[in-house]
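Novice: What follows is a single structure, and I will ask about it in a moment.
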Amino acid sequence: MKRHKTLRIDKLFGLATLICVLAIALMVYNDFFRTTTGTGKETETQSRTSGYLNDNKNIESKGASSKAVVCLDASRGGSDAGLASSGKKEKDINLAMALAVKSKLEAEGVNVVMTRTTDTDVTDEDRVKASNSSNAYICVSLRMNSYNSDASVSGAESYIHTSKPTEAAELSRIILKNMESDAGIKNRGVKTGTVGDAKDNYYINAHCKSTSCIIDMGFITNASDLKKVTTDKDKTAQAIADGILEYLKQAGLY
């Protein structure tokens, strides 16, 4: 009788052990399956956004951070045609360039906000509101320069706030550098204030919460500069977009 009782206890103990082993194995299997399946779904979503693969054929994320919101301001517009030369109006040049830069940035996953997308009147207040309300990380205003007294004067330059903000200066420096190296537009450097008064500030630089700068893309009165923002617009737009992307990369947002 004792031997029969001991045998029953041994069988029960063995059965309990087997159940425990099976339960643990099931838990490990479920956890592993859930983890690998979840990772797969996440990377598939990233691939639809980025479209890049690594060497191991695993899809990985590439592109701009969700915080990398860029506001592009096409200066002038509507009743304000701005400067003109050789049948070209500044308002049209600014808008065409801003739209081209927008397209290139969005292709890299950057969220772009425009102050205008058509030939309409936009106040300085509305331009700043568009940037601030979107929580833009940077605001880049595009426009043209002129010098009727000497058509040989050329080149791009940037204007930032008179307080000489470091980030605005760096953003301007990088954009101008790319415009010179990739589009062949002379770099006239970063300046503070306005064209008419170095102690004054353009409305955008004075009221934007984000890092902001105004890029004079060249002189509309210079044949070479005018060609680079019209006929060769794509190359110049790429240079500006590359400059913005380089700045975002330095900031850890791309």
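Chain labels run A, B, ... following the order of the structure tokens; each chain numbers its residues from 1, and ligands are numbered from 1 in the order shown.
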Can you check which parts of range 48-136 of chain A lie within 8 Å of range 221-240 of chain A? Per residue, the shortest pair of atoms and distance in Å to one decimal, counting only C-alpha atoms, sorted by chain and number, as a Markdown table.
Specialist:
```
| residue | atom | partner | partner_atom | distance |
| --- | --- | --- | --- | --- |
| A:Ser85 | CA | A:Thr221 | CA | 6.0 |
| A:Ile93 | CA | A:Val229 | CA | 6.8 |
| A:Met97 | CA | A:Ala237 | CA | 6.1 |
| A:Ala98 | CA | A:Ala237 | CA | 7.8 |
| A:Ala100 | CA | A:Ala237 | CA | 5.9 |
| A:Val101 | CA | A:Ala237 | CA | 5.0 |
| A:Lys104 | CA | A:Gln238 | CA | 6.9 |
```
Novice: Generate the output file for the selected residues, all heavy atoms, as a short mmCIF file (atom, residue, chain, number, x, y, z; two decimals), in the first residue's frame.
Specialist:
```
data_model
loop_
_atom_site.label_atom_id
_atom_site.label_comp_id
_atom_site.auth_asym_id
_atom_site.auth_seq_id
_atom_site.Cartn_x
_atom_site.Cartn_y
_atom_site.Cartn_z
N SER A 85 12.22 92.92 -63.64
CA SER A 85 13.32 93.07 -64.59
C SER A 85 13.16 92.05 -65.70
O SER A 85 12.78 90.89 -65.44
CB SER A 85 14.67 92.88 -63.89
OG SER A 85 15.73 93.02 -64.80
N ILE A 93 8.64 84.99 -59.02
CA ILE A 93 9.90 84.26 -58.78
C ILE A 93 9.90 83.69 -57.37
O ILE A 93 10.25 82.52 -57.16
CB ILE A 93 11.11 85.20 -58.98
CG1 ILE A 93 11.22 85.63 -60.44
CG2 ILE A 93 12.40 84.52 -58.52
CD1 ILE A 93 12.27 86.70 -60.69
N MET A 97 9.87 79.62 -56.53
CA MET A 97 11.01 79.06 -55.81
C MET A 97 10.57 78.41 -54.50
O MET A 97 11.02 77.31 -54.15
CB MET A 97 12.05 80.14 -55.53
CG MET A 97 13.35 79.61 -54.94
SD MET A 97 14.22 78.47 -56.05
CE MET A 97 14.77 79.65 -57.30
N ALA A 98 9.68 79.08 -53.77
CA ALA A 98 9.20 78.53 -52.51
C ALA A 98 8.48 77.20 -52.72
O ALA A 98 8.66 76.25 -51.96
CB ALA A 98 8.27 79.53 -51.82
N ALA A 100 8.98 75.12 -55.19
CA ALA A 100 9.98 74.13 -55.61
C ALA A 100 10.75 73.61 -54.40
O ALA A 100 11.02 72.41 -54.28
CB ALA A 100 10.94 74.75 -56.62
N VAL A 101 11.12 74.51 -53.49
CA VAL A 101 11.82 74.11 -52.26
C VAL A 101 10.92 73.23 -51.40
O VAL A 101 11.34 72.22 -50.84
CB VAL A 101 12.30 75.34 -51.46
CG1 VAL A 101 12.90 74.91 -50.13
CG2 VAL A 101 13.32 76.14 -52.26
N LYS A 104 10.81 69.65 -52.63
CA LYS A 104 12.05 68.91 -52.35
C LYS A 104 12.15 68.55 -50.87
O LYS A 104 12.63 67.47 -50.51
CB LYS A 104 13.26 69.73 -52.80
CG LYS A 104 13.30 69.91 -54.32
CD LYS A 104 14.49 70.71 -54.78
CE LYS A 104 14.43 70.94 -56.29
NZ LYS A 104 14.35 69.68 -57.07
#
```
Novice: Can you tell me, as a list in words, what residues are no more than 7 Å from Ala74 in chain A when counting only C-alpha atoms, ignoring any on the same chain fewer than 2 positions away?
Specialist: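 Result of the neighbour search: Leu72, Arg76, Asn94, Leu95, Ala98, Thr115, Arg116, Ser141, Leu142 and Arg143 of chain A.
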Novice: Can I get the selection written as a short mmCIF file (atom, residue, chain, number, x, y, z; two decimals), in the first residue's frame, with C-alpha atoms?
Specialist:
```cif
data_model
loop_
_atom_site.label_atom_id
_atom_site.label_comp_id
_atom_site.auth_asym_id
_atom_site.auth_seq_id
_atom_site.Cartn_x
_atom_site.Cartn_y
_atom_site.Cartn_z
CA LEU A 72 8.58 78.91 -46.22
CA ARG A 76 5.37 89.81 -51.96
CA ASN A 94 9.52 84.07 -55.00
CA LEU A 95 6.43 81.87 -55.16
CA ALA A 98 9.20 78.53 -52.51
CA THR A 115 2.63 81.62 -46.02
CA ARG A 116 1.08 81.65 -49.49
CA SER A 141 11.59 83.98 -46.29
CA LEU A 142 12.58 84.06 -49.97
CA ARG A 143 12.82 87.25 -52.01
#
```
Novice: Step one, run DSSP on the backbone; step two, keep only residues of range 210-240 of chain A assigned to alpha helix (DSSP H); then write them as a PyMOL selection string.
Specialist: chain A and resi 223-228+233-240
Novice: Take the residues just selected and output them with N, CA, C and O atoms as a CSV table (one decimal), in the first residue's frame.
Specialist:
```csv
chain,number,residue,atom,x,y,z
A,223,ALA,N,21.6,89.6,-64.9
A,223,ALA,CA,21.2,88.6,-65.8
A,223,ALA,C,21.5,87.1,-65.3
A,223,ALA,O,20.7,86.2,-65.5
A,224,SER,N,22.7,87.0,-64.8
A,224,SER,CA,23.1,85.6,-64.3
A,224,SER,C,22.2,85.2,-63.1
A,224,SER,O,21.8,84.1,-63.1
A,225,ASP,N,22.1,86.1,-62.2
A,225,ASP,CA,21.2,85.8,-61.0
A,225,ASP,C,19.8,85.5,-61.4
A,225,ASP,O,19.2,84.5,-60.9
A,226,LEU,N,19.3,86.3,-62.3
A,226,LEU,CA,17.9,86.1,-62.8
A,226,LEU,C,17.7,84.7,-63.4
A,226,LEU,O,16.7,84.1,-63.2
A,227,LYS,N,18.7,84.3,-64.2
A,227,LYS,CA,18.6,83.0,-64.9
A,227,LYS,C,18.6,81.9,-63.8
A,227,LYS,O,17.9,80.9,-64.0
A,228,LYS,N,19.4,82.1,-62.8
A,228,LYS,CA,19.5,81.0,-61.8
A,228,LYS,C,18.2,80.8,-60.9
A,228,LYS,O,18.0,79.8,-60.3
A,233,LYS,N,16.0,77.3,-62.1
A,233,LYS,CA,15.3,77.3,-60.8
A,233,LYS,C,15.5,76.1,-60.0
A,233,LYS,O,15.7,76.1,-58.8
A,234,ASP,N,15.4,74.9,-60.7
A,234,ASP,CA,15.4,73.6,-59.9
A,234,ASP,C,16.8,73.5,-59.2
A,234,ASP,O,16.8,73.0,-58.1
A,235,LYS,N,17.9,73.9,-59.8
A,235,LYS,CA,19.2,73.7,-59.2
A,235,LYS,C,19.3,74.6,-57.9
A,235,LYS,O,19.8,74.2,-56.9
A,236,THR,N,18.7,75.8,-58.1
A,236,THR,CA,18.8,76.8,-56.9
A,236,THR,C,17.9,76.3,-55.8
A,236,THR,O,18.2,76.4,-54.6
A,237,ALA,N,16.7,75.8,-56.2
A,237,ALA,CA,15.8,75.3,-55.2
A,237,ALA,C,16.4,74.1,-54.4
A,237,ALA,O,16.2,74.0,-53.2
A,238,GLN,N,17.1,73.2,-55.1
A,238,GLN,CA,17.7,72.1,-54.5
A,238,GLN,C,18.8,72.6,-53.5
A,238,GLN,O,18.9,72.0,-52.4
A,239,ALA,N,19.5,73.6,-53.9
A,239,ALA,CA,20.6,74.1,-53.0
A,239,ALA,C,20.0,74.7,-51.7
A,239,ALA,O,20.5,74.5,-50.6
A,240,ILE,N,18.9,75.4,-51.9
A,240,ILE,CA,18.2,76.0,-50.7
A,240,ILE,C,17.7,74.8,-49.8
A,240,ILE,O,17.9,74.9,-48.6
```
Novice: List every residue of range 80-124 of chain A that DSSP, applied to the backbone of this structure, places in strand (DSSP E or B), and write the result as an mmCIF file with N, CA, C and O atoms, in the first residue's frame.
Specialist:
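New file out.cif:
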```
data_model
loop_
_atom_site.group_PDB
_atom_site.id
_atom_site.type_symbol
_atom_site.label_atom_id
_atom_site.label_comp_id
_atom_site.auth_asym_id
_atom_site.auth_seq_id
_atom_site.Cartn_x
_atom_site.Cartn_y
_atom_site.Cartn_z
ATOM 1 N N ASP A 80 1.105 93.416 -54.500
ATOM 2 C CA ASP A 80 2.518 93.759 -54.296
ATOM 3 C C ASP A 80 3.376 92.893 -55.208
ATOM 4 O O ASP A 80 3.750 91.783 -54.859
ATOM 5 N N ALA A 84 11.008 94.132 -60.492
ATOM 6 C CA ALA A 84 10.764 93.592 -61.840
ATOM 7 C C ALA A 84 11.973 93.867 -62.727
ATOM 8 O O ALA A 84 12.661 94.872 -62.579
ATOM 9 N N SER A 85 12.218 92.924 -63.636
ATOM 10 C CA SER A 85 13.321 93.075 -64.586
ATOM 11 C C SER A 85 13.156 92.052 -65.700
ATOM 12 O O SER A 85 12.781 90.894 -65.442
ATOM 13 N N LYS A 88 10.184 89.857 -65.805
ATOM 14 C CA LYS A 88 9.959 88.956 -64.678
ATOM 15 C C LYS A 88 9.572 89.754 -63.434
ATOM 16 O O LYS A 88 10.172 90.785 -63.137
ATOM 17 N N LYS A 89 8.563 89.264 -62.708
ATOM 18 C CA LYS A 89 8.123 89.909 -61.483
ATOM 19 C C LYS A 89 8.630 89.138 -60.268
ATOM 20 O O LYS A 89 8.598 87.906 -60.244
ATOM 21 N N ASN A 111 7.901 68.423 -42.862
ATOM 22 C CA ASN A 111 6.584 69.054 -42.868
ATOM 23 C C ASN A 111 6.755 70.534 -43.188
ATOM 24 O O ASN A 111 7.409 71.261 -42.447
ATOM 25 N N VAL A 112 6.189 70.978 -44.291
ATOM 26 C CA VAL A 112 6.374 72.357 -44.749
ATOM 27 C C VAL A 112 5.074 73.147 -44.661
ATOM 28 O O VAL A 112 4.023 72.678 -45.087
ATOM 29 N N VAL A 113 5.184 74.346 -44.106
ATOM 30 C CA VAL A 113 4.057 75.276 -44.030
ATOM 31 C C VAL A 113 4.389 76.470 -44.921
ATOM 32 O O VAL A 113 5.501 76.993 -44.873
ATOM 33 N N MET A 114 3.427 76.885 -45.744
ATOM 34 C CA MET A 114 3.642 78.014 -46.656
ATOM 35 C C MET A 114 2.822 79.224 -46.195
ATOM 36 O O MET A 114 1.695 79.072 -45.738
#
```
Novice: Can you tell me how far CA of Val195 in chain A sits from CA of Asp216 in chain A, in Å to one decimal?
Specialist: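 According to the coordinates, CA of Val195 in chain A and CA of Asp216 in chain A are separated by 10.4 Å.
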Novice: Could you check how far CA of Tyr254 in chain A sits from CA of Ala136 in chain A, in Å to one decimal?
Specialist: 14.5 Å
Novice: Set the distance at 10 Å and use only C-alpha atoms: which residues neighbour Gly189 in chain A once local chain neighbours fewer than 4 positions away are removed? I'd like the list as an MDAnalysis selection string.
Specialist: chainID A and resid 155:159 169 172:173 176:177
Novice: One decimal, Å: what's the distance from CA of Ser163 in chain A over to CA of Ala206 in chain A, could you say?
Specialist: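 Calculated distance between CA of Ser163 in chain A and CA of Ala206 in chain A is 9.9 Å.
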Novice: Residues at most 9 Å from Asp242 in chain A, counting only C-alpha atoms, excluding those fewer than 5 positions away in the same chain, as a VMD selection string?
Specialist: chain A and resid 104 to 105 174 to 175 178 237 247
Novice: Rank nothing, just name the residue among A:Asn145, A:Asn205, A:Val70, A:Ala198 nearest to Ser133 in chain A, using only C-alpha atoms.
Specialist: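 Among the listed residues, the smallest separation from Ser133 in chain A belongs to A:Val70.
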Novice: Got a sec: who's within 9 Å of Ser146 in chain A, counting only C-alpha atoms, leaving out chain neighbours fewer than 2 positions off, as a ChimeraX atom specification?
Specialist: /A:83-84,144,148,151,153-154,218-222
Novice: How would the residues just picked look written out with C-alpha atoms as an mmCIF file, in the first residue's frame?
Specialist:
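This went into result01.cif:
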```cif
data_model
loop_
_atom_site.group_PDB
_atom_site.id
_atom_site.type_symbol
_atom_site.label_atom_id
_atom_site.label_comp_id
_atom_site.auth_asym_id
_atom_site.auth_seq_id
_atom_site.Cartn_x
_atom_site.Cartn_y
_atom_site.Cartn_z
ATOM 1 C CA LEU A 83 10.788 94.149 -58.082
ATOM 2 C CA ALA A 84 10.764 93.592 -61.840
ATOM 3 C CA MET A 144 14.955 89.061 -54.579
ATOM 4 C CA ASN A 148 19.585 99.443 -61.023
ATOM 5 C CA ALA A 151 23.655 95.450 -63.384
ATOM 6 C CA VAL A 153 26.185 93.511 -58.903
ATOM 7 C CA SER A 154 25.150 89.981 -58.021
ATOM 8 C CA GLY A 218 20.093 87.197 -55.956
ATOM 9 C CA PHE A 219 19.735 90.433 -57.900
ATOM 10 C CA ILE A 220 16.829 90.556 -60.304
ATOM 11 C CA THR A 221 18.784 93.250 -62.166
ATOM 12 C CA ASN A 222 21.662 90.839 -62.831
#
```
Novice: Between A:Val190, A:Val122, A:Val140, A:Ile204, which one has atoms that come closest to Lys91 in chain A, using only C-alpha atoms?
Specialist: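 Going through A:Val190, A:Val122, A:Val140, A:Ile204 one by one, the smallest distance to Lys91 in chain A is for A:Val122.
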